[in-house]
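Chemist: Just input11.csv, nothing more (CSV, C-alpha atoms):
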chain,number,residue,atom,x,y,z
A,1118,MET,CA,4.9,-24.6,-3.2
A,1119,GLU,CA,3.6,-25.7,0.2
A,1120,PRO,CA,0.9,-23.5,1.7
A,1121,VAL,CA,1.9,-21.5,4.7
A,1122,TRP,CA,-1.7,-21.2,5.9
A,1123,ASP,CA,-4.2,-24.1,5.5
A,1124,ILE,CA,-8.0,-23.6,5.3
A,1125,ASN,CA,-8.4,-23.8,9.1
A,1126,LYS,CA,-6.0,-20.9,9.7
A,1127,ILE,CA,-7.7,-19.0,6.8
A,1128,GLN,CA,-11.1,-19.5,8.5
A,1129,GLU,CA,-9.7,-18.3,11.7
A,1130,VAL,CA,-9.0,-14.9,10.0
A,1131,LEU,CA,-11.6,-14.5,7.4
A,1132,PRO,CA,-15.2,-14.1,8.5
A,1133,GLN,CA,-16.5,-15.3,5.1
A,1134,ARG,CA,-17.8,-18.8,4.7
A,1135,TYR,CA,-19.1,-21.1,1.9
A,1136,PRO,CA,-20.2,-20.1,-0.7
A,1137,PHE,CA,-18.5,-16.8,-0.2
A,1138,LEU,CA,-15.1,-17.8,0.9
A,1139,PHE,CA,-12.7,-17.3,-2.0
A,1140,ILE,CA,-9.3,-18.1,-0.5
A,1141,ASP,CA,-8.4,-21.8,-0.6
A,1142,SER,CA,-4.8,-21.5,0.6
A,1143,VAL,CA,-2.1,-19.0,1.4
A,1144,LEU,CA,1.2,-19.7,-0.4
A,1145,GLU,CA,3.4,-17.0,0.9
A,1146,ILE,CA,3.6,-14.2,3.4
A,1147,ASN,CA,6.4,-11.8,3.4
A,1148,GLY,CA,6.1,-9.5,6.4
A,1149,LYS,CA,9.2,-7.5,5.5
A,1150,GLU,CA,7.9,-6.6,2.0
A,1151,LYS,CA,4.3,-6.5,3.2
A,1152,LYS,CA,3.2,-9.0,0.6
A,1153,ALA,CA,1.0,-12.1,0.5
A,1154,THR,CA,0.1,-14.7,-2.1
A,1155,CYS,CA,-3.2,-16.6,-1.9
A,1156,VAL,CA,-4.9,-19.1,-4.1
A,1157,LYS,CA,-8.5,-19.6,-5.2
A,1158,ASN,CA,-9.1,-22.8,-7.2
A,1159,VAL,CA,-12.0,-21.9,-9.5
A,1160,SER,CA,-14.4,-24.8,-9.8
A,1161,ILE,CA,-17.5,-25.4,-11.9
A,1162,ASP,CA,-19.1,-26.1,-8.5
A,1163,ASP,CA,-18.7,-22.4,-7.5
A,1164,TYR,CA,-22.2,-21.1,-7.0
A,1165,PHE,CA,-22.0,-18.1,-9.3
A,1166,PHE,CA,-21.5,-20.2,-12.4
A,1167,THR,CA,-25.1,-21.4,-12.3
A,1168,GLY,CA,-26.2,-18.0,-13.7
A,1169,HIS,CA,-23.0,-16.4,-14.9
A,1170,PHE,CA,-23.5,-17.7,-17.6
A,1171,PRO,CA,-25.4,-20.8,-18.5
A,1172,GLY,CA,-23.3,-22.7,-21.0
A,1173,ASN,CA,-20.5,-20.0,-20.8
A,1174,PRO,CA,-19.1,-20.0,-17.3
A,1175,VAL,CA,-17.1,-16.9,-16.6
A,1176,MET,CA,-16.0,-15.8,-13.0
A,1177,PRO,CA,-17.7,-12.5,-12.3
A,1178,GLY,CA,-15.3,-9.5,-12.0
A,1179,VAL,CA,-16.9,-8.5,-8.7
A,1180,ILE,CA,-16.1,-11.9,-7.3
A,1181,ILE,CA,-12.5,-11.5,-8.4
A,1182,ILE,CA,-12.5,-8.2,-6.5
A,1183,GLU,CA,-14.0,-10.0,-3.5
A,1184,ALA,CA,-11.2,-12.6,-3.7
A,1185,MET,CA,-8.6,-9.8,-3.8
A,1186,ALA,CA,-10.3,-8.1,-0.9
A,1187,GLN,CA,-10.2,-11.4,1.1
A,1188,ALA,CA,-6.5,-11.7,0.2
A,1189,SER,CA,-6.1,-8.2,1.6
A,1190,ILE,CA,-7.6,-9.3,4.9
A,1191,VAL,CA,-5.1,-12.1,5.0
A,1192,LEU,CA,-2.3,-9.6,4.5
A,1193,PHE,CA,-3.7,-7.4,7.2
A,1194,ALA,CA,-3.9,-10.3,9.6
A,1195,ALA,CA,-0.4,-11.4,8.8
A,1196,LEU,CA,1.0,-7.9,9.5
A,1197,LYS,CA,-1.3,-7.1,12.5
A,1198,PRO,CA,-2.1,-10.5,14.0
A,1199,HIS,CA,-3.0,-9.0,17.4
A,1200,LEU,CA,-5.7,-6.9,15.8
A,1201,ALA,CA,-7.0,-9.6,13.5
A,1202,ALA,CA,-7.3,-12.0,16.5
A,1203,LYS,CA,-10.1,-9.8,17.9
A,1204,HIS,CA,-12.1,-10.5,14.7
A,1205,PRO,CA,-12.9,-7.0,13.7
A,1206,ASN,CA,-15.3,-6.1,10.9
A,1207,TYR,CA,-13.7,-5.4,7.5
A,1208,TYR,CA,-15.2,-2.8,5.2
A,1209,LEU,CA,-14.4,-2.2,1.5
A,1210,GLY,CA,-13.9,1.6,1.0
A,1211,LYS,CA,-12.8,2.1,-2.6
A,1212,VAL,CA,-11.9,-0.1,-5.5
A,1213,GLU,CA,-10.1,0.8,-8.8
A,1214,ALA,CA,-9.9,-2.3,-11.0
A,1215,LYS,CA,-8.9,-3.5,-14.4
A,1216,PHE,CA,-9.9,-6.8,-16.0
A,1217,LYS,CA,-7.7,-8.3,-18.7
A,1218,LYS,CA,-8.8,-11.9,-19.3
A,1219,PRO,CA,-11.8,-14.0,-18.4
A,1220,VAL,CA,-11.4,-16.5,-15.6
A,1221,ARG,CA,-13.0,-19.9,-16.0
A,1222,PRO,CA,-13.6,-23.1,-14.1
A,1223,GLY,CA,-10.4,-25.1,-13.7
A,1224,ASP,CA,-8.3,-22.0,-13.4
A,1225,ARG,CA,-6.0,-21.6,-10.5
A,1226,LEU,CA,-6.4,-18.0,-9.5
A,1227,ILE,CA,-3.3,-16.6,-7.8
A,1228,LEU,CA,-3.9,-13.5,-5.8
A,1229,GLU,CA,-0.9,-11.3,-5.1
A,1230,VAL,CA,-1.4,-8.5,-2.6
A,1231,SER,CA,1.0,-5.9,-1.4
A,1232,ALA,CA,0.4,-3.1,1.1
A,1233,GLU,CA,0.7,0.4,-0.1
A,1234,LYS,CA,-0.2,1.6,3.3
A,1235,MET,CA,-1.4,-0.5,6.3
A,1236,LEU,CA,-2.7,1.2,9.4
A,1237,ASP,CA,-4.4,-0.3,12.5
A,1238,ASN,CA,-7.8,0.7,11.3
A,1239,ALA,CA,-7.5,0.9,7.5
A,1240,GLY,CA,-5.3,0.0,4.5
A,1241,ILE,CA,-4.6,0.5,0.9
A,1242,VAL,CA,-3.5,-2.6,-1.0
A,1243,ARG,CA,-2.4,-3.3,-4.6
A,1244,ALA,CA,-3.7,-6.6,-5.9
A,1245,ARG,CA,-2.9,-8.7,-8.9
A,1246,ALA,CA,-4.8,-11.8,-10.0
A,1247,LEU,CA,-3.0,-14.3,-12.2
A,1248,VAL,CA,-3.8,-17.5,-14.1
A,1249,ASN,CA,-0.9,-19.5,-15.5
A,1250,GLU,CA,1.5,-16.6,-14.6
A,1251,GLU,CA,-0.6,-14.2,-16.7
A,1252,THR,CA,-2.2,-11.2,-15.2
A,1253,VAL,CA,-6.0,-11.5,-15.5
A,1254,ALA,CA,-7.0,-8.5,-13.2
A,1255,GLU,CA,-5.5,-5.7,-11.2
A,1256,ALA,CA,-6.9,-3.6,-8.5
A,1257,ARG,CA,-6.1,-1.0,-5.8
A,1258,ILE,CA,-8.3,-1.6,-2.8
A,1259,THR,CA,-8.9,0.8,0.1
A,1260,PHE,CA,-10.5,-0.8,3.2
A,1261,GLY,CA,-11.4,0.0,6.8
A,1262,VAL,CA,-11.1,-2.1,9.9
A,1263,LYS,CA,-13.4,-1.6,12.9
A,1264,ALA,CA,-13.5,-3.4,16.2
A,1265,LYS,CA,-16.9,-5.0,16.8
B,1298,MET,CA,14.0,23.2,1.9
B,1299,PRO,CA,14.0,26.8,0.7
B,1300,LYS,CA,10.8,28.7,1.4
B,1301,LYS,CA,10.0,29.2,-2.3
B,1302,ASP,CA,10.2,25.5,-3.0
B,1303,PHE,CA,7.8,24.7,-0.2
B,1304,GLU,CA,5.3,27.2,-1.7
B,1305,GLU,CA,5.4,24.9,-4.8
B,1306,VAL,CA,4.9,21.8,-2.7
B,1307,LYS,CA,1.8,23.5,-1.1
B,1308,LYS,CA,0.3,24.0,-4.6
B,1309,GLU,CA,1.0,20.4,-5.5
B,1310,ILE,CA,-0.6,19.2,-2.3
B,1311,LYS,CA,-3.7,21.3,-2.8
B,1312,LYS,CA,-4.1,19.9,-6.3
B,1313,LEU,CA,-3.7,16.4,-5.0
B,1314,VAL,CA,-6.1,16.9,-2.1
B,1315,SER,CA,-8.6,18.4,-4.6
B,1316,GLU,CA,-8.4,15.4,-6.8
B,1317,ILE,CA,-8.9,12.9,-4.1
B,1318,THR,CA,-11.7,14.7,-2.3
B,1319,GLU,CA,-13.3,16.0,-5.5
B,1320,VAL,CA,-13.5,19.5,-3.8
B,1321,PRO,CA,-12.6,22.2,-6.4
B,1322,GLN,CA,-9.3,24.0,-5.5
B,1323,ALA,CA,-11.1,27.3,-5.2
B,1324,GLN,CA,-13.3,25.9,-2.4
B,1325,LEU,CA,-10.4,24.2,-0.7
B,1326,LYS,CA,-9.5,26.9,1.9
B,1327,GLU,CA,-6.4,26.2,4.0
B,1328,ASP,CA,-8.3,26.3,7.3
B,1329,ALA,CA,-11.5,24.5,6.1
B,1330,ARG,CA,-12.0,21.4,8.3
B,1331,PHE,CA,-11.7,18.3,6.2
B,1332,SER,CA,-14.4,16.3,7.9
B,1333,GLU,CA,-17.0,19.0,9.0
B,1334,ASP,CA,-16.6,21.5,6.1
B,1335,LEU,CA,-15.5,19.4,3.1
B,1336,GLY,CA,-17.1,16.0,3.7
B,1337,VAL,CA,-13.7,14.2,3.7
B,1338,ASP,CA,-14.1,10.7,5.1
B,1339,SER,CA,-11.4,8.5,6.7
B,1340,MET,CA,-10.8,6.6,3.5
B,1341,MET,CA,-10.1,9.8,1.6
B,1342,ALA,CA,-7.8,10.9,4.4
B,1343,LEU,CA,-5.9,7.7,4.2
B,1344,GLU,CA,-5.6,8.1,0.4
B,1345,ILE,CA,-4.3,11.7,0.9
B,1346,VAL,CA,-1.6,10.4,3.3
B,1347,ALA,CA,-0.6,7.5,1.1
B,1348,SER,CA,-0.4,9.8,-2.0
B,1349,ILE,CA,1.8,12.3,-0.2
B,1350,GLU,CA,4.1,9.6,1.1
B,1351,LYS,CA,4.5,8.2,-2.4
B,1352,LYS,CA,5.0,11.6,-4.1
B,1353,TYR,CA,7.5,13.0,-1.6
B,1354,ARG,CA,9.0,9.7,-0.4
B,1355,VAL,CA,8.3,10.4,3.2
B,1356,VAL,CA,6.7,8.4,6.0
B,1357,ILE,CA,3.9,10.1,8.0
B,1358,PRO,CA,3.7,8.3,11.3
B,1359,GLU,CA,0.3,6.7,12.1
B,1360,GLU,CA,0.0,8.6,15.4
B,1361,LYS,CA,0.2,11.9,13.5
B,1362,LEU,CA,-2.9,11.1,11.4
B,1363,PRO,CA,-5.5,12.4,13.9
B,1364,THR,CA,-3.8,15.8,13.9
B,1365,ILE,CA,-4.5,16.2,10.2
B,1366,ARG,CA,-7.8,18.1,10.2
B,1367,SER,CA,-7.2,20.7,7.4
B,1368,LEU,CA,-5.0,21.5,4.5
B,1369,GLN,CA,-3.0,23.8,6.8
B,1370,ASN,CA,-2.3,20.9,9.1
B,1371,VAL,CA,-1.1,18.9,6.1
B,1372,TYR,CA,1.3,21.7,5.1
B,1373,GLU,CA,2.7,22.0,8.7
B,1374,LEU,CA,3.1,18.3,9.1
B,1375,LEU,CA,4.9,17.8,5.8
B,1376,GLU,CA,7.1,20.9,6.3
B,1377,GLY,CA,8.2,19.4,9.6
B,1378,ILE,CA,8.9,16.0,8.1
B,1379,MET,CA,10.8,17.4,5.0
B,1380,LYS,CA,13.1,19.6,7.0
Could you take the file, read its structure, and then write that structure out as structure tokens?
Modeler:
Amino acid sequence: MEPVWDINKIQEVLPQRYPFLFIDSVLEINGKEKKATCVKNVSIDDYFFTGHFPGNPVMPGVIIIEAMAQASIVLFAALKPHLAAKHPNYYLGKVEAKFKKPVRPGDRLILEVSAEKMLDNAGIVRARALVNEETVAEARITFGVKAK
Amino acid sequence: MPKKDFEEVKKEIKKLVSEITEVPQAQLKEDARFSEDLGVDSMMALEIVASIEKKYRVVIPEEKLPTIRSLQNVYELLEGIMK
């Protein structure tokens, strides 16, 4: 599948940068269904593998949540481009998450997000992370958006 | 919706709001102000709205949200929408 957003467009929307930018490309945006699909290619070069863990690289669950949260910003920006264009601050409000399988270097982490509720200044998003079409984590994320 | 049924809805909403805000139902007075009296923040308010929308399959318009300041406001808004 050809990406619909490349890294330049992603960096226009997401304030995060290396080593804390966890979206490599956006595969699909469905405005009608309020859904988006993003990709993070997990690499042994990712900074967190240095310590998590030596000789046993596992992607930290909190980083998977962060990747889901960044995918949620992508979805917000796709649904409300005029607001995202003003580069507001995004705040994580609440996270309920489940982790099912470890994610390791070489995995292509697919992040599917769908809006349960999307307002101008906040949102609730359901997120699913998959590797090889298998769910590795799920979360419900509540976030706030505030103009700078 | 008959009056008796809406009394049931009120009970359900009170329970739902109590679960999200972690304020016991006994303390959740109808006219207590969410923000000032109960410590409900905007994220909780959003969750309350999203939960009600899902449970009753209604849409609460974004511009109505600032009018929701107490449990009584929630009842009134939902009663209007469900009519």
Chemist: Please provide the set of residues having any atom within 10 Å of Asn1173 in chain A, restricted to only C-alpha atoms, with same-chain residues fewer than 6 positions apart removed, written as a list in words.
Modeler: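 Contacts, in chain order: Phe1166, Thr1167 and Arg1221 of chain A.
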Chemist: Could you check the closest approach to chain B for each of A:Lys1211, A:Lys1151, A:Lys1218, A:Lys1265 and tell me which residue wins, using all atoms listed in the file?
Modeler: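 Answer, going by the shortest atom-to-atom distance: A:Lys1211.
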Chemist: Name the residues in contact with range 1302-1306 of chain B at a cut-off of 12 Å, using all atoms listed in the file, excluding same-chain residues fewer than 2 positions from it; report them as a list of chain:residue names.
Modeler: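 Neighbouring residues, sequence-local ones excluded: B:Met1298, B:Pro1299, B:Lys1300, B:Lys1308, B:Glu1309, B:Ile1310, B:Lys1311, B:Lys1312, B:Leu1313, B:Ile1349, B:Lys1352, B:Tyr1353, B:Val1371, B:Tyr1372, B:Glu1373, B:Leu1375, B:Glu1376, B:Gly1377, B:Met1379, B:Lys1380.
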Chemist: Considering all atoms listed in the file, tabulate each residue of chain B that lies at most 8 Å from chain A along with its nearest interatomic pair and the corresponding distance in Å to one decimal; arrange the rows by chain and ascending residue number and present them as JSON lines.
Modeler:
{"residue": "B:Met1340", "atom": "CA", "partner": "A:Gly1210", "partner_atom": "CA", "distance": 6.4}
{"residue": "B:Leu1343", "atom": "CA", "partner": "A:Ala1239", "partner_atom": "CA", "distance": 7.7}
{"residue": "B:Glu1344", "atom": "CA", "partner": "A:Ile1241", "partner_atom": "CA", "distance": 7.7}
{"residue": "B:Ala1347", "atom": "CA", "partner": "A:Lys1234", "partner_atom": "CA", "distance": 6.3}
{"residue": "B:Glu1359", "atom": "CA", "partner": "A:Leu1236", "partner_atom": "CA", "distance": 6.8}
Chemist: Could you pull out every residue with an atom within 12 Å of (-18.5, -7.2, -4.4), file coordinates, counting all atoms listed in the file, and send them as a list in words?
Modeler: Phe1137, Phe1139, Pro1177, Gly1178, Val1179, Ile1180, Ile1181, Ile1182, Glu1183, Ala1184, Met1185, Ala1186, Gln1187, Tyr1208, Leu1209, Gly1210, Lys1211, Val1212, Ala1214 and Ile1258 of chain A
Chemist: Please dump the current selection as a PDB file, keeping the file's coordinate frame; keep C-alpha atoms.
Modeler:
ATOM      1  CA  PHE A1137     -18.500 -16.800  -0.200  1.00  0.00           C
ATOM      2  CA  PHE A1139     -12.700 -17.300  -2.000  1.00  0.00           C
ATOM      3  CA  PRO A1177     -17.700 -12.500 -12.300  1.00  0.00           C
ATOM      4  CA  GLY A1178     -15.300  -9.500 -12.000  1.00  0.00           C
ATOM      5  CA  VAL A1179     -16.900  -8.500  -8.700  1.00  0.00           C
ATOM      6  CA  ILE A1180     -16.100 -11.900  -7.300  1.00  0.00           C
ATOM      7  CA  ILE A1181     -12.500 -11.500  -8.400  1.00  0.00           C
ATOM      8  CA  ILE A1182     -12.500  -8.200  -6.500  1.00  0.00           C
ATOM      9  CA  GLU A1183     -14.000 -10.000  -3.500  1.00  0.00           C
ATOM     10  CA  ALA A1184     -11.200 -12.600  -3.700  1.00  0.00           C
ATOM     11  CA  MET A1185      -8.600  -9.800  -3.800  1.00  0.00           C
ATOM     12  CA  ALA A1186     -10.300  -8.100  -0.900  1.00  0.00           C
ATOM     13  CA  GLN A1187     -10.200 -11.400   1.100  1.00  0.00           C
ATOM     14  CA  TYR A1208     -15.200  -2.800   5.200  1.00  0.00           C
ATOM     15  CA  LEU A1209     -14.400  -2.200   1.500  1.00  0.00           C
ATOM     16  CA  GLY A1210     -13.900   1.600   1.000  1.00  0.00           C
ATOM     17  CA  LYS A1211     -12.800   2.100  -2.600  1.00  0.00           C
ATOM     18  CA  VAL A1212     -11.900  -0.100  -5.500  1.00  0.00           C
ATOM     19  CA  ALA A1214      -9.900  -2.300 -11.000  1.00  0.00           C
ATOM     20  CA  ILE A1258      -8.300  -1.600  -2.800  1.00  0.00           C
TER      21      ILE A1258
END
Chemist: Neighbouring residues of range 1317-1331 of chain B were defined as those with any atom within 8 Å, considering all atoms listed in the file; residues of the same chain fewer than 6 positions away were excluded. Please report them as a PyMOL selection string.
Modeler: chain B and resi 1311+1337+1341+1344-1345+1366-1369
Chemist: Kindly save the residues from that selection, with C-alpha atoms included, as an mmCIF file, keeping the file's coordinate frame.
Modeler:
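Result written to selection20.cif:
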data_model
loop_
_atom_site.group_PDB
_atom_site.id
_atom_site.type_symbol
_atom_site.label_atom_id
_atom_site.label_comp_id
_atom_site.auth_asym_id
_atom_site.auth_seq_id
_atom_site.Cartn_x
_atom_site.Cartn_y
_atom_site.Cartn_z
ATOM 1 C CA LYS B 1311 -3.700 21.300 -2.800
ATOM 2 C CA VAL B 1337 -13.700 14.200 3.700
ATOM 3 C CA MET B 1341 -10.100 9.800 1.600
ATOM 4 C CA GLU B 1344 -5.600 8.100 0.400
ATOM 5 C CA ILE B 1345 -4.300 11.700 0.900
ATOM 6 C CA ARG B 1366 -7.800 18.100 10.200
ATOM 7 C CA SER B 1367 -7.200 20.700 7.400
ATOM 8 C CA LEU B 1368 -5.000 21.500 4.500
ATOM 9 C CA GLN B 1369 -3.000 23.800 6.800
#
Chemist: Using all atoms listed in the file for the distances, tell me which of A:Lys1197, A:His1204, A:Arg1245, A:Lys1149 is nearest to Phe1216 in chain A.
Modeler: A:Arg1245
Chemist: Go through A:Asp1224, A:Glu1129, A:Glu1229, A:Asp1141 one by one, measure the shortest atom-to-atom distance of each to Val1248 in chain A using all atoms listed in the file, and give the residue with the smallest value.
Modeler: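 Using all atoms listed in the file, Val1248 in chain A sits closest to A:Asp1224.
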Chemist: I need the residue nearest Gly1223 in chain A from this list: A:Val1159, A:Ala1201, A:Tyr1207, A:Phe1193. Use all atoms listed in the file for the distance.
Modeler: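 Comparing A:Val1159, A:Ala1201, A:Tyr1207, A:Phe1193 against Gly1223 in chain A, the winner is A:Val1159.
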Chemist: Tell me, as JSON, numbers by chain, which residues lie within 9 Å of Leu1228 in chain A, counting all atoms listed in the file; anything in the same chain fewer than 6 positions away does not count.
Modeler: {"A": [1140, 1153, 1154, 1155, 1156, 1157, 1184, 1185, 1188, 1244, 1245, 1246, 1247]}
Chemist: Nearest to Ala1195 in chain A among A:Arg1257, A:Lys1126, A:Lys1215, A:His1169, with distances taken over all atoms listed in the file: which residue is it?
Modeler: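 Going through A:Arg1257, A:Lys1126, A:Lys1215, A:His1169 one by one, the smallest distance to Ala1195 in chain A is for A:Lys1126.
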Chemist: Measuring atom to atom with only C-alpha atoms, identify which of A:Ala1202, A:Val1175, A:Leu1226, A:Ala1232 is nearest to Pro1132 in chain A.
Modeler: A:Ala1202
Chemist: Mind pulling up the distance from CA of Phe1165 in chain A to CA of Thr1252 in chain A?
Modeler: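 Answer for the CA of Thr1252 in chain A to CA of Phe1165 in chain A separation: 21.8 Å.
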Chemist: Can you pull out the residues contacting Ile1357 in chain B? Cut-off 8 Å, using all atoms listed in the file, and skip same-chain residues under 5 positions away; I want them as a list in words.
Modeler: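 Near neighbours after the sequence-gap exclusion: Val1346, Glu1350, Leu1362 and Ile1378 of chain B.
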Chemist: What is the distance between CA of Pro1198 in chain A and CA of Arg1354 in chain B, in Å to one decimal?
Modeler: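 These atoms are spaced 27.2 Å apart.
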Chemist: Could you tell me how far CA of Pro1120 in chain A lies from CA of Ile1161 in chain A, in Å and to one decimal?
Modeler: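 Calculated distance between CA of Pro1120 in chain A and CA of Ile1161 in chain A is 23.0 Å.
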Chemist: Report, as JSON, the centre and edge lengths in Å (one decimal) of the axis-aligned box enclosing every listed atom of range 1123-1126 of chain A, padded by 8 Å on each side.
Modeler:
{"center_x": -6.3, "center_y": -22.5, "center_z": 7.5, "size_x": 20.2, "size_y": 19.2, "size_z": 20.4}
